[in-house]
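As provided, query.txt (compact mmCIF, C-alpha atoms) reads as follows.
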```txt
# COMPACT_ATOMS: atom_id res chain seq x y z
CA MET A 1374 -15.53 21.04 20.02
CA THR A 1375 -12.91 22.00 17.47
CA THR A 1376 -10.47 19.25 16.64
CA ARG A 1377 -6.84 20.27 16.99
CA THR A 1378 -4.36 19.62 14.25
CA ARG A 1379 -2.54 16.37 14.82
CA GLN A 1380 1.23 16.44 14.90
CA GLY A 1381 3.83 13.71 14.75
CA PRO A 1382 6.08 13.51 17.80
CA ALA A 1383 9.69 14.53 17.53
CA GLY A 1384 11.63 11.46 16.50
CA ILE A 1385 8.67 10.00 14.56
CA PRO A 1386 8.50 12.35 11.53
CA GLY A 1387 5.84 11.32 9.10
CA GLY A 1388 4.87 8.43 11.33
CA ARG A 1389 8.24 6.69 11.15
CA ARG A 1390 9.71 4.99 14.18
CA PRO A 1391 12.48 6.92 15.97
CA ALA A 1392 16.04 6.77 14.76
CA GLY A 1393 18.31 4.23 16.38
CA PRO A 1394 20.51 5.20 19.32
CA SER A 1395 23.51 5.89 17.08
CA GLU A 1396 21.48 8.38 15.02
CA ARG A 1397 19.90 10.36 17.89
CA ARG A 1398 21.60 13.50 19.12
CA GLY A 1399 21.32 15.39 22.37
CA SER A 1400 20.91 19.15 22.64
CA GLY A 1401 24.66 19.61 22.39
CA GLY A 1402 24.96 17.53 19.20
CA ARG A 1403 26.31 14.52 21.07
CA PRO A 1404 24.81 11.06 20.57
CA THR A 1405 22.40 10.15 23.34
CA GLU A 1406 21.64 6.69 24.61
CA ARG A 1407 18.30 5.41 25.74
CA PRO A 1408 17.81 5.37 29.49
CA GLY A 1409 18.51 1.88 30.78
CA PRO A 1410 19.55 0.27 34.01
CA PRO A 1411 22.08 2.40 35.88
CA GLY A 1412 25.63 1.19 36.21
CA PRO A 1413 26.57 -0.27 39.60
CA LEU A 1414 28.58 2.82 40.58
CA ASP A 1415 25.78 5.22 39.56
CA ALA A 1416 23.18 3.19 41.42
CA GLN A 1417 25.40 2.86 44.49
CA GLU A 1418 26.11 6.59 44.67
CA ALA A 1419 22.44 7.47 44.20
CA ALA A 1420 21.46 4.99 46.91
CA VAL A 1421 23.91 6.59 49.34
CA VAL A 1422 22.67 10.10 48.52
CA LEU A 1423 19.03 9.06 48.97
CA GLU A 1424 19.72 7.18 52.20
CA ARG A 1425 21.53 10.18 53.68
CA ALA A 1426 18.70 12.48 52.68
CA ARG A 1427 16.06 10.21 54.21
CA ALA A 1428 18.05 9.96 57.46
CA CYS A 1429 18.29 13.76 57.68
CA VAL A 1430 14.77 14.60 56.63
CA ASP A 1431 12.64 11.92 58.30
CA PRO A 1432 12.95 13.36 61.83
CA GLU A 1433 11.81 16.77 60.52
CA LEU A 1434 8.93 15.16 58.67
CA ARG A 1435 7.86 13.12 61.68
CA GLY A 1436 8.00 16.18 63.90
CA ALA A 1437 5.88 18.16 61.46
CA VAL A 1438 3.32 15.38 61.03
CA ASP A 1439 3.14 14.79 64.78
CA SER A 1440 2.11 18.44 65.22
CA LEU A 1441 -1.10 17.89 63.27
CA PRO A 1442 -4.49 17.39 64.95
CA ASP A 1443 -5.30 13.73 65.60
CA SER A 1444 -7.71 13.46 62.67
CA MET A 1445 -5.13 14.68 60.15
CA ARG A 1446 -2.14 13.04 61.80
CA ARG A 1447 -3.45 9.48 61.49
CA ILE A 1448 -4.04 9.89 57.76
CA ALA A 1449 -0.60 11.42 57.19
CA LEU A 1450 1.13 8.75 59.27
CA TYR A 1451 -0.65 6.09 57.23
CA HIS A 1452 0.21 7.78 53.93
CA PHE A 1453 3.91 7.97 54.82
CA GLY A 1454 3.89 4.30 55.80
CA TRP A 1455 4.66 4.93 59.46
CA GLU A 1456 1.35 3.53 60.76
CA ARG A 1457 -1.26 1.04 59.64
CA ALA A 1458 -4.86 2.10 59.14
CA ASP A 1459 -5.68 1.02 62.71
CA GLY A 1460 -2.97 3.29 64.12
CA THR A 1461 -0.46 0.58 65.02
CA PRO A 1462 3.19 1.25 64.06
CA ALA A 1463 4.43 0.13 60.66
CA ALA A 1464 7.82 0.07 58.99
CA GLY A 1465 6.47 1.13 55.63
CA ASN A 1466 8.02 2.85 52.66
CA ALA A 1467 7.89 6.64 52.90
CA GLY A 1468 9.13 7.05 49.34
CA LYS A 1469 12.52 7.46 47.71
CA ALA A 1470 13.24 10.98 49.08
CA ILE A 1471 14.34 12.17 45.64
CA ARG A 1472 13.17 15.77 46.10
CA PRO A 1473 14.70 16.41 49.52
CA ALA A 1474 17.87 14.73 48.29
CA LEU A 1475 18.00 17.23 45.43
CA VAL A 1476 17.70 20.12 47.89
CA LEU A 1477 20.50 18.87 50.13
CA THR A 1478 22.76 17.78 47.28
CA ALA A 1479 22.35 21.11 45.47
CA VAL A 1480 23.34 22.96 48.64
CA GLN A 1481 26.47 20.85 48.95
CA ALA A 1482 27.33 21.14 45.25
CA LEU A 1483 27.44 24.92 45.56
CA GLY A 1484 29.56 24.92 48.70
CA GLY A 1485 26.81 25.30 51.29
CA GLN A 1486 26.15 23.32 54.45
CA ARG A 1487 23.59 20.51 54.11
CA GLU A 1488 22.41 20.81 57.71
CA THR A 1489 21.21 24.38 57.13
CA ALA A 1490 18.69 23.19 54.53
CA VAL A 1491 17.14 20.15 56.24
CA ARG A 1492 13.97 22.03 57.12
CA ALA A 1493 13.64 23.29 53.55
CA ALA A 1494 14.20 19.77 52.22
CA ALA A 1495 11.45 18.45 54.49
CA ALA A 1496 9.12 21.21 53.30
CA VAL A 1497 9.66 20.15 49.68
CA GLU A 1498 8.89 16.53 50.60
CA LEU A 1499 5.69 17.61 52.36
CA ILE A 1500 4.58 19.44 49.21
CA HIS A 1501 5.31 16.34 47.15
CA ASN A 1502 3.17 14.21 49.43
CA PHE A 1503 0.37 16.77 49.43
CA THR A 1504 0.23 16.35 45.64
CA LEU A 1505 0.25 12.54 45.93
CA LEU A 1506 -2.72 12.52 48.31
CA HIS A 1507 -4.72 14.78 45.99
CA ASP A 1508 -3.65 13.07 42.78
CA ASP A 1509 -4.72 9.67 44.11
CA VAL A 1510 -8.19 11.03 44.81
CA MET A 1511 -8.54 12.69 41.40
CA ASP A 1512 -7.08 9.77 39.47
CA ARG A 1513 -8.92 7.18 41.62
CA ASP A 1514 -5.67 5.27 42.10
CA THR A 1515 -6.17 2.50 44.62
CA THR A 1516 -2.55 1.49 45.31
CA ARG A 1517 0.56 3.44 46.25
CA ARG A 1518 3.81 2.10 47.70
CA HIS A 1519 2.39 -1.43 47.79
CA ARG A 1520 -0.61 -0.53 50.01
CA PRO A 1521 -4.11 0.92 49.57
CA THR A 1522 -4.14 4.67 48.94
CA ALA A 1523 -5.31 6.97 51.74
CA TRP A 1524 -8.63 7.88 50.12
CA THR A 1525 -9.60 4.21 49.80
CA VAL A 1526 -9.02 3.79 53.55
CA PHE A 1527 -10.23 7.11 55.01
CA GLY A 1528 -12.44 8.51 52.23
CA ASP A 1529 -12.03 11.33 49.72
CA ALA A 1530 -12.67 14.24 52.07
CA ASP A 1531 -10.20 13.12 54.73
CA ALA A 1532 -7.46 12.41 52.19
CA ILE A 1533 -7.92 15.84 50.60
CA LEU A 1534 -7.87 17.58 53.97
CA ALA A 1535 -4.73 15.71 55.00
CA GLY A 1536 -3.07 16.87 51.79
CA ASP A 1537 -4.10 20.44 52.51
CA ALA A 1538 -2.61 20.12 56.00
CA LEU A 1539 0.71 18.90 54.59
CA GLN A 1540 0.88 21.88 52.25
CA ALA A 1541 0.24 24.26 55.15
CA LEU A 1542 2.90 22.51 57.23
CA ALA A 1543 5.45 22.93 54.43
CA LEU A 1544 4.94 26.65 54.06
CA GLY A 1545 4.81 27.08 57.84
CA MET A 1546 8.16 25.33 58.22
CA LEU A 1547 9.78 27.75 55.80
CA ALA A 1548 8.09 30.75 57.40
CA GLU A 1549 9.60 29.77 60.76
CA ASP A 1550 13.04 28.93 59.37
CA PRO A 1551 15.61 31.54 60.50
CA HIS A 1552 17.80 30.94 57.43
CA PRO A 1553 18.10 34.14 55.34
CA ALA A 1554 16.99 32.28 52.19
CA SER A 1555 13.78 30.92 53.73
CA SER A 1556 11.55 33.75 52.51
CA ALA A 1557 12.71 33.39 48.91
CA ALA A 1558 12.37 29.61 49.21
CA ALA A 1559 8.82 29.92 50.51
CA ALA A 1560 7.87 32.23 47.65
CA ARG A 1561 9.37 29.85 45.10
CA LEU A 1562 7.64 26.85 46.63
CA ALA A 1563 4.28 28.63 46.74
CA GLY A 1564 4.64 29.58 43.08
CA CYS A 1565 5.52 25.97 42.33
CA VAL A 1566 2.29 24.79 43.98
CA VAL A 1567 0.28 27.09 41.71
CA GLU A 1568 2.12 25.65 38.70
CA LEU A 1569 1.49 22.10 39.96
CA CYS A 1570 -2.23 22.83 40.28
CA ALA A 1571 -2.35 24.29 36.77
CA GLY A 1572 -0.60 21.20 35.43
CA GLN A 1573 -3.01 18.88 37.22
CA HIS A 1574 -5.94 20.88 35.91
CA THR A 1575 -4.64 20.47 32.37
CA ASP A 1576 -4.12 16.77 32.96
CA THR A 1577 -7.68 16.20 34.15
CA ALA A 1578 -9.06 18.36 31.33
CA MET A 1579 -7.20 16.25 28.78
CA GLU A 1580 -8.99 13.15 29.99
CA LYS A 1581 -12.25 14.62 28.67
CA LEU A 1582 -10.81 15.19 25.20
CA GLY A 1583 -10.88 12.72 22.34
CA PRO A 1584 -7.76 10.85 21.16
CA ASP A 1585 -7.29 13.35 18.29
CA GLU A 1586 -7.70 16.46 20.43
CA VAL A 1587 -4.44 16.44 22.41
CA THR A 1588 -1.09 17.51 20.96
CA LEU A 1589 2.27 16.30 22.11
CA ASP A 1590 3.48 19.83 22.91
CA GLU A 1591 0.51 20.31 25.25
CA CYS A 1592 1.23 17.00 26.93
CA LEU A 1593 4.90 17.87 27.43
CA ALA A 1594 4.00 21.27 28.90
CA MET A 1595 1.57 19.59 31.29
CA ALA A 1596 4.21 17.07 32.38
CA GLU A 1597 6.75 19.82 33.03
CA ALA A 1598 4.25 21.65 35.25
CA LYS A 1599 3.17 18.51 37.13
CA THR A 1600 6.56 16.87 37.61
CA GLY A 1601 9.39 19.10 36.43
CA ALA A 1602 8.30 22.14 38.42
CA LEU A 1603 8.81 20.56 41.84
CA LEU A 1604 12.13 18.94 40.97
CA GLY A 1605 13.27 22.28 39.59
CA SER A 1606 12.14 24.07 42.73
CA ALA A 1607 13.94 21.53 44.91
CA CYS A 1608 17.23 22.19 43.12
CA ALA A 1609 16.67 25.96 43.09
CA ILE A 1610 15.89 26.02 46.81
CA GLY A 1611 19.14 24.18 47.41
CA GLY A 1612 20.88 26.92 45.45
CA LEU A 1613 19.16 29.62 47.50
CA TYR A 1614 20.25 28.00 50.76
CA ALA A 1615 23.82 27.84 49.46
CA GLY A 1616 23.75 31.58 48.74
CA ALA A 1617 24.18 31.01 44.99
CA ALA A 1618 23.95 33.77 42.40
CA ALA A 1619 20.56 34.27 40.74
CA GLU A 1620 21.74 32.85 37.41
CA ASP A 1621 23.00 29.69 39.13
CA VAL A 1622 19.68 29.26 40.95
CA GLU A 1623 17.83 29.51 37.63
CA ALA A 1624 20.21 27.04 35.98
CA LEU A 1625 19.56 24.58 38.81
CA ASP A 1626 15.82 25.08 38.34
CA ALA A 1627 16.21 24.33 34.62
CA PHE A 1628 18.31 21.25 35.43
CA GLY A 1629 15.61 19.94 37.75
CA ARG A 1630 12.85 20.63 35.25
CA GLU A 1631 14.59 18.79 32.45
CA ALA A 1632 15.45 15.88 34.73
CA GLY A 1633 11.86 15.95 35.99
CA LEU A 1634 10.50 15.67 32.48
CA ALA A 1635 12.82 12.74 31.85
CA PHE A 1636 11.55 11.26 35.13
CA GLN A 1637 7.93 11.62 33.95
CA LEU A 1638 8.67 10.06 30.58
CA ILE A 1639 10.20 7.00 32.24
CA ASP A 1640 7.42 6.95 34.84
CA ASP A 1641 4.86 6.79 32.03
CA VAL A 1642 6.77 3.95 30.37
CA ILE A 1643 6.87 2.07 33.68
CA GLY A 1644 3.15 2.76 34.14
CA ILE A 1645 2.41 0.75 31.00
CA TRP A 1646 5.16 -1.85 30.90
CA GLY A 1647 6.50 -1.94 34.47
CA ASP A 1648 6.45 -4.88 36.87
CA PRO A 1649 3.69 -4.40 39.49
CA GLY A 1650 5.85 -6.26 42.00
CA ARG A 1651 8.41 -3.47 41.75
CA THR A 1652 6.17 -0.46 41.16
CA GLY A 1653 3.49 -1.20 43.77
CA LYS A 1654 0.82 -0.32 41.18
CA PRO A 1655 -1.15 -2.51 38.76
CA ALA A 1656 0.37 -2.75 35.28
CA GLY A 1657 -1.36 -0.78 32.55
CA ALA A 1658 -3.64 1.13 34.91
CA ASP A 1659 -3.23 4.29 32.82
CA LEU A 1660 -4.39 2.44 29.73
CA VAL A 1661 -7.44 1.06 31.51
CA VAL A 1662 -8.63 4.56 32.45
CA ARG A 1663 -7.63 5.88 29.01
CA LYS A 1664 -5.07 8.30 30.46
CA LYS A 1665 -3.24 10.33 27.82
CA SER A 1666 0.27 9.77 29.11
CA LEU A 1667 3.29 10.85 27.07
CA PRO A 1668 3.94 7.49 25.31
CA VAL A 1669 0.24 7.25 24.47
CA VAL A 1670 0.03 10.74 22.98
CA ALA A 1671 3.28 10.16 21.06
CA ALA A 1672 1.74 6.98 19.66
CA LEU A 1673 -1.62 8.63 18.89
CA THR A 1674 0.08 11.43 16.94
CA SER A 1675 2.49 9.20 15.01
CA GLY A 1676 0.30 8.80 11.92
CA THR A 1677 0.90 5.05 11.84
CA PRO A 1678 -1.69 2.28 11.35
CA ALA A 1679 -1.12 1.32 14.97
CA ALA A 1680 -2.01 4.90 15.95
CA ALA A 1681 -5.38 4.51 14.25
CA GLU A 1682 -5.95 1.26 16.12
CA LEU A 1683 -5.00 2.91 19.40
CA ALA A 1684 -7.31 5.87 18.72
CA GLU A 1685 -10.17 3.47 18.11
CA LEU A 1686 -9.46 1.70 21.40
CA TYR A 1687 -9.15 4.98 23.32
CA ALA A 1688 -12.40 6.32 21.88
CA ALA A 1689 -14.35 3.66 23.78
CA PRO A 1690 -14.35 2.59 27.45
CA TYR A 1691 -11.94 -0.16 28.37
CA ARG A 1692 -13.22 -3.68 27.83
CA GLU A 1693 -11.91 -6.67 29.76
CA GLY A 1694 -9.03 -8.38 27.98
CA GLU A 1695 -7.93 -5.36 25.90
CA LEU A 1696 -4.93 -4.38 28.00
CA GLU A 1697 -2.30 -6.36 26.10
CA ARG A 1698 -3.66 -5.23 22.73
CA THR A 1699 -3.66 -1.56 23.84
CA ALA A 1700 -0.10 -1.70 25.19
CA LEU A 1701 1.05 -3.38 21.97
CA ALA A 1702 -0.61 -0.66 19.87
CA VAL A 1703 1.24 2.03 21.83
CA GLU A 1704 4.52 0.20 21.29
CA ARG A 1705 3.94 -0.49 17.58
CA ALA A 1706 3.05 3.16 17.02
CA GLY A 1707 6.44 4.16 18.44
CA GLY A 1708 5.27 5.53 21.78
CA ARG A 1709 7.66 3.51 23.90
CA ASP A 1710 10.71 4.19 21.73
CA TRP A 1711 9.88 7.89 21.53
CA ALA A 1712 9.50 8.23 25.30
CA GLN A 1713 12.82 6.53 25.96
CA ALA A 1714 14.63 8.61 23.32
CA GLN A 1715 13.01 11.82 24.58
CA ALA A 1716 14.04 10.99 28.15
CA ALA A 1717 17.65 10.63 27.00
CA ASP A 1718 17.48 13.97 25.21
CA ARG A 1719 16.01 15.69 28.28
CA MET A 1720 18.82 14.24 30.37
CA SER A 1721 21.34 15.74 27.94
CA ARG A 1722 19.67 19.12 28.36
CA ALA A 1723 19.64 18.69 32.14
CA MET A 1724 23.37 18.00 32.17
CA HIS A 1725 23.99 21.15 30.12
CA GLU A 1726 22.02 23.27 32.59
CA LEU A 1727 23.80 21.70 35.55
CA SER A 1728 27.21 22.47 34.04
CA ARG A 1729 26.27 26.15 33.98
CA ALA A 1730 25.63 26.22 37.74
CA VAL A 1731 28.20 23.62 38.86
CA PRO A 1732 30.98 23.38 36.26
CA ASP A 1733 33.09 21.06 38.43
CA PRO A 1734 31.98 17.48 37.62
CA GLU A 1735 33.17 16.22 41.00
CA ALA A 1736 31.06 18.78 42.88
CA ALA A 1737 28.09 17.97 40.64
CA GLY A 1738 28.50 14.21 41.13
CA GLY A 1739 25.65 13.76 43.58
CA LEU A 1740 23.18 15.67 41.41
CA ILE A 1741 24.28 13.71 38.35
CA ALA A 1742 23.80 10.43 40.22
CA LEU A 1743 20.28 11.45 41.27
CA ALA A 1744 19.37 12.48 37.74
CA GLU A 1745 20.69 9.19 36.39
CA PHE A 1746 18.74 7.32 39.06
CA VAL A 1747 15.37 8.89 38.26
CA THR A 1748 15.73 8.33 34.52
CA ARG A 1749 17.19 4.82 34.63
CA ARG A 1750 14.87 3.24 37.13
CA SER A 1751 12.41 0.39 36.77
CA SER A 1752 10.02 1.21 39.65
```

I need this file expressed as structure tokens, please.
Amino acid sequence: MTTRTRQGPAGIPGGRRPAGPSERRGSGGRPTERPGPPGPLDAQEAAVVLERARACVDPELRGAVDSLPDSMRRIALYHFGWERADGTPAAGNAGKAIRPALVLTAVQALGGQRETAVRAAAAVELIHNFTLLHDDVMDRDTTRRHRPTAWTVFGDADAILAGDALQALALGMLAEDPHPASSAAAARLAGCVVELCAGQHTDTAMEKLGPDEVTLDECLAMAEAKTGALLGSACAIGGLYAGAAAEDVEALDAFGREAGLAFQLIDDVIGIWGDPGRTGKPAGADLVVRKKSLPVVAALTSGTPAAAELAELYAAPYREGELERTALAVERAGGRDWAQAQAADRMSRAMHELSRAVPDPEAAGGLIALAEFVTRRSS
């Protein structure tokens, strides 16, 4: 196999560590700060937006899941945290509802009525959970939302089939929605699923490549397809349901994609250095399976001595006791700093795109709060 040319990540030219916060600039030339804990007002507003979205969307989700055949329904109910594996009721965590919140908040930001888009918001959340069920099987993840993943409880085949059923439910909900934008929303969501699958295919293919065979640009493109695409579609569907102009819909899609990439960057940082008690996943799991996440690829392509150490570690299967050394190599090679700086830059780009579609900061407040939430979180 031909070895690709290595490249240093943006912000680590020639293998140097990224510039300090006062030296970094966003896409508009403004200084950008590293994502950190949200301010109390930001966090409070985001919490309210997410809680409202969950209250609106959960009944639609439950109704859709309850329509499934028994064999699929029990797996879906378990996955969403509404039942235990034995079928008894549970008050579990169905997720943060970020994507349906983006749909509903985008509708409102553009002067539409939130209640007209609840079904569309639920469809987006079903698609998200379809990807989670499949990703857990492919990645062999054993924990999600502080409980065993569906495939570990019901087996690979049943988890995959349940995911397929959720995807079909999502598209069926849009097909039956009388809203005039439902057809365009269904087409956009179907195209998004194809992009998600392509991104996942690239991700799994990268796992078979050596440490020196993956470029940072390829990794960023994969992350945009896997994560940014659905957040972009959620925002765009909100624009469609508000009757927005085509250019505003595309600006919302770009906003969601940039925010989604920032989300993935922070998610990758949390995956290595996060607190398992908050994330519901074991710390450093990506490093154990030698996953080429964004901080890892940034570190591998930095040209630093720590990058060489990390490449040597990644070239061999994980050995017990290497986790701390591997995480430290990623950090010393600049991977953590780069990911945090890149997330801030992507947020700056997201804000620029949002201002094109919703120039009134007050109207855009809910979307801004959600974007801040996903890029300043710790779990």

Please report as JSON lines every residue of region 1617-1690 of chain A lying within 12 Å of region 1555-1564 of chain A, along with the nearest atom pair and their distance in Å (one decimal), using all atoms listed in the file.
```
{"residue": "A:Ala1619", "atom": "CA", "partner": "A:Ala1557", "partner_atom": "CA", "distance": 11.4}
{"residue": "A:Val1622", "atom": "CA", "partner": "A:Ala1558", "partner_atom": "CA", "distance": 11.0}
{"residue": "A:Glu1623", "atom": "CA", "partner": "A:Arg1561", "partner_atom": "CA", "distance": 11.3}
{"residue": "A:Asp1626", "atom": "CA", "partner": "A:Arg1561", "partner_atom": "CA", "distance": 10.5}
```

Contact check, region 1560-1652 of chain A to region 1711-1725 of chain A, at most 12 Å, counting all atoms listed in the file, closest pairs as CSV:
```
residue,atom,partner,partner_atom,distance
A:Leu1589,CA,A:Ala1712,CA,11.3
A:Leu1593,CA,A:Gln1715,CA,10.5
A:Glu1597,CA,A:Arg1719,CA,11.2
A:Gly1601,CA,A:Arg1719,CA,11.0
A:Leu1604,CA,A:Ala1723,CA,11.6
A:Gly1605,CA,A:Ala1723,CA,10.4
A:Cys1608,CA,A:Ala1723,CA,11.8
A:Ala1624,CA,A:His1725,CA,9.1
A:Leu1625,CA,A:Ala1723,CA,8.9
A:Asp1626,CA,A:Ala1723,CA,9.7
A:Ala1627,CA,A:Ala1723,CA,7.1
A:Phe1628,CA,A:Ala1723,CA,4.4
A:Gly1629,CA,A:Ala1723,CA,7.0
A:Arg1630,CA,A:Ala1723,CA,7.7
A:Glu1631,CA,A:Ala1723,CA,5.1
A:Ala1632,CA,A:Ala1723,CA,5.7
A:Gly1633,CA,A:Arg1719,CA,8.8
A:Leu1634,CA,A:Arg1719,CA,6.9
A:Ala1635,CA,A:Ala1716,CA,4.3
A:Phe1636,CA,A:Ala1716,CA,7.4
A:Gln1637,CA,A:Ala1716,CA,8.4
A:Leu1638,CA,A:Ala1712,CA,5.6
A:Ile1639,CA,A:Gln1713,CA,6.8
A:Asp1640,CA,A:Ala1712,CA,9.8
A:Asp1641,CA,A:Ala1712,CA,8.3
A:Val1642,CA,A:Ala1712,CA,7.2
A:Ile1643,CA,A:Gln1713,CA,10.7
A:Ile1645,CA,A:Ala1712,CA,11.8
```

Handout entry: Shell of 6 Å around region 1463-1469 of chain A, all atoms listed in the file, local chain residues under 2 positions omitted, as a list in words
Key =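 So, after excluding close chain neighbours, the residues are Phe1453, Gly1454, Trp1455, Glu1456, Arg1457 and Ile1471 of chain A.
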
Problem - Atomic distance CA of Arg1447 (chain A) - CA of Trp1524 (chain A), expressed in Å with one decimal - result: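 Separation between CA of Arg1447 (chain A) and CA of Trp1524 (chain A): 12.6 Å.
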
Fill in the blank from the handout: In Å and to one decimal, CA of Leu1483 (chain A) is distant from CA of Ala1615 (chain A) by 6.1 Å

Handout entry: Distance of CA of Leu1539 (chain A) from CA of Ala1482 (chain A), expressed in Å to one decimal place
Key = 28.3 Å

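Taking all atoms listed in the file into account, Arg1651 (chain A) lies nearest to A:Arg1518 out of the set A:Pro1732, A:Asp1508, A:Arg1518, A:Asp1443.
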
Practice task
Compile the contact shell of Ala1428 (chain A) as a ChimeraX atom specification: residues with an atom at most 12 Å away, counting all atoms listed in the file, same-chain residues fewer than 6 positions apart removed.
Solution key: /A:1421-1422,1434-1435,1467,1469-1470,1473-1474,1477,1488,1491,1494-1495

Exercise for the section: Would you please work out which residue, of A:Glu1682, A:Ala1672, A:Met1579, A:Met1546, is nearest to Leu1499 (chain A) when using all atoms listed in the file? Expected result: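 Between A:Glu1682, A:Ala1672, A:Met1579, A:Met1546, the residue approaching Leu1499 (chain A) most closely is A:Met1546.
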
Handout entry: Closest of A:Gly1676, A:Gly1657, A:Pro1734, A:Gly1460 to Thr1699 (chain A) - atom-to-atom distances counting only C-alpha atoms
Key =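 Closest to Thr1699 (chain A) of all the choices is A:Gly1657.
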
Handout entry: Residues within 7 Å of Val1497 (chain A), all atoms listed in the file, excluding chain neighbours under 4 positions, as a ChimeraX atom specification
Key = /A:1472-1473,1493,1501,1543,1607

Since we have the selection now, will you write its residues out, keeping C-alpha atoms, as an mmCIF file, in the frame of the given file?
```cif
data_model
loop_
_atom_site.group_PDB
_atom_site.id
_atom_site.type_symbol
_atom_site.label_atom_id
_atom_site.label_comp_id
_atom_site.auth_asym_id
_atom_site.auth_seq_id
_atom_site.Cartn_x
_atom_site.Cartn_y
_atom_site.Cartn_z
ATOM 1 C CA ARG A 1472 13.170 15.770 46.100
ATOM 2 C CA PRO A 1473 14.700 16.410 49.520
ATOM 3 C CA ALA A 1493 13.640 23.290 53.550
ATOM 4 C CA HIS A 1501 5.310 16.340 47.150
ATOM 5 C CA ALA A 1543 5.450 22.930 54.430
ATOM 6 C CA ALA A 1607 13.940 21.530 44.910
#
```

Problem - Which of A:Ala1420, A:Ala1530, A:Ala1437, A:Leu1667 sits closest to Ala1742 (chain A) [using all atoms listed in the file] - result: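 Comparing A:Ala1420, A:Ala1530, A:Ala1437, A:Leu1667 against Ala1742 (chain A), the winner is A:Ala1420.
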
Exercise for the section: Write out as a PyMOL selection string the residues lying within 10 Å of Ala1538 (chain A), counting only C-alpha atoms and excluding same-chain residues fewer than 4 positions away. Expected result: chain A and resi 1438+1441-1442+1445-1446+1449+1499-1500+1503+1532-1534+1542-1543

Could you save those same residues with C-alpha atoms as a compact mmCIF listing (two decimals), keeping the file's coordinate frame?
```
# COMPACT_ATOMS: atom_id res chain seq x y z
CA VAL A 1438 3.32 15.38 61.03
CA LEU A 1441 -1.10 17.89 63.27
CA PRO A 1442 -4.49 17.39 64.95
CA MET A 1445 -5.13 14.68 60.15
CA ARG A 1446 -2.14 13.04 61.80
CA ALA A 1449 -0.60 11.42 57.19
CA LEU A 1499 5.69 17.61 52.36
CA ILE A 1500 4.58 19.44 49.21
CA PHE A 1503 0.37 16.77 49.43
CA ALA A 1532 -7.46 12.41 52.19
CA ILE A 1533 -7.92 15.84 50.60
CA LEU A 1534 -7.87 17.58 53.97
CA LEU A 1542 2.90 22.51 57.23
CA ALA A 1543 5.45 22.93 54.43
```

Handout entry: Selected residue of minimal separation from Thr1575 (chain A) among A:Lys1665, A:His1552, A:Gly1436, A:Ala1618, counting all atoms listed in the file
Key =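 Ranked by minimum distance to Thr1575 (chain A), first place goes to A:Lys1665.
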
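Among the candidates A:Tyr1687, A:Phe1746, A:Tyr1614, A:Tyr1451, the one nearest to Lys1581 (chain A) when counting all atoms listed in the file is A:Tyr1687.
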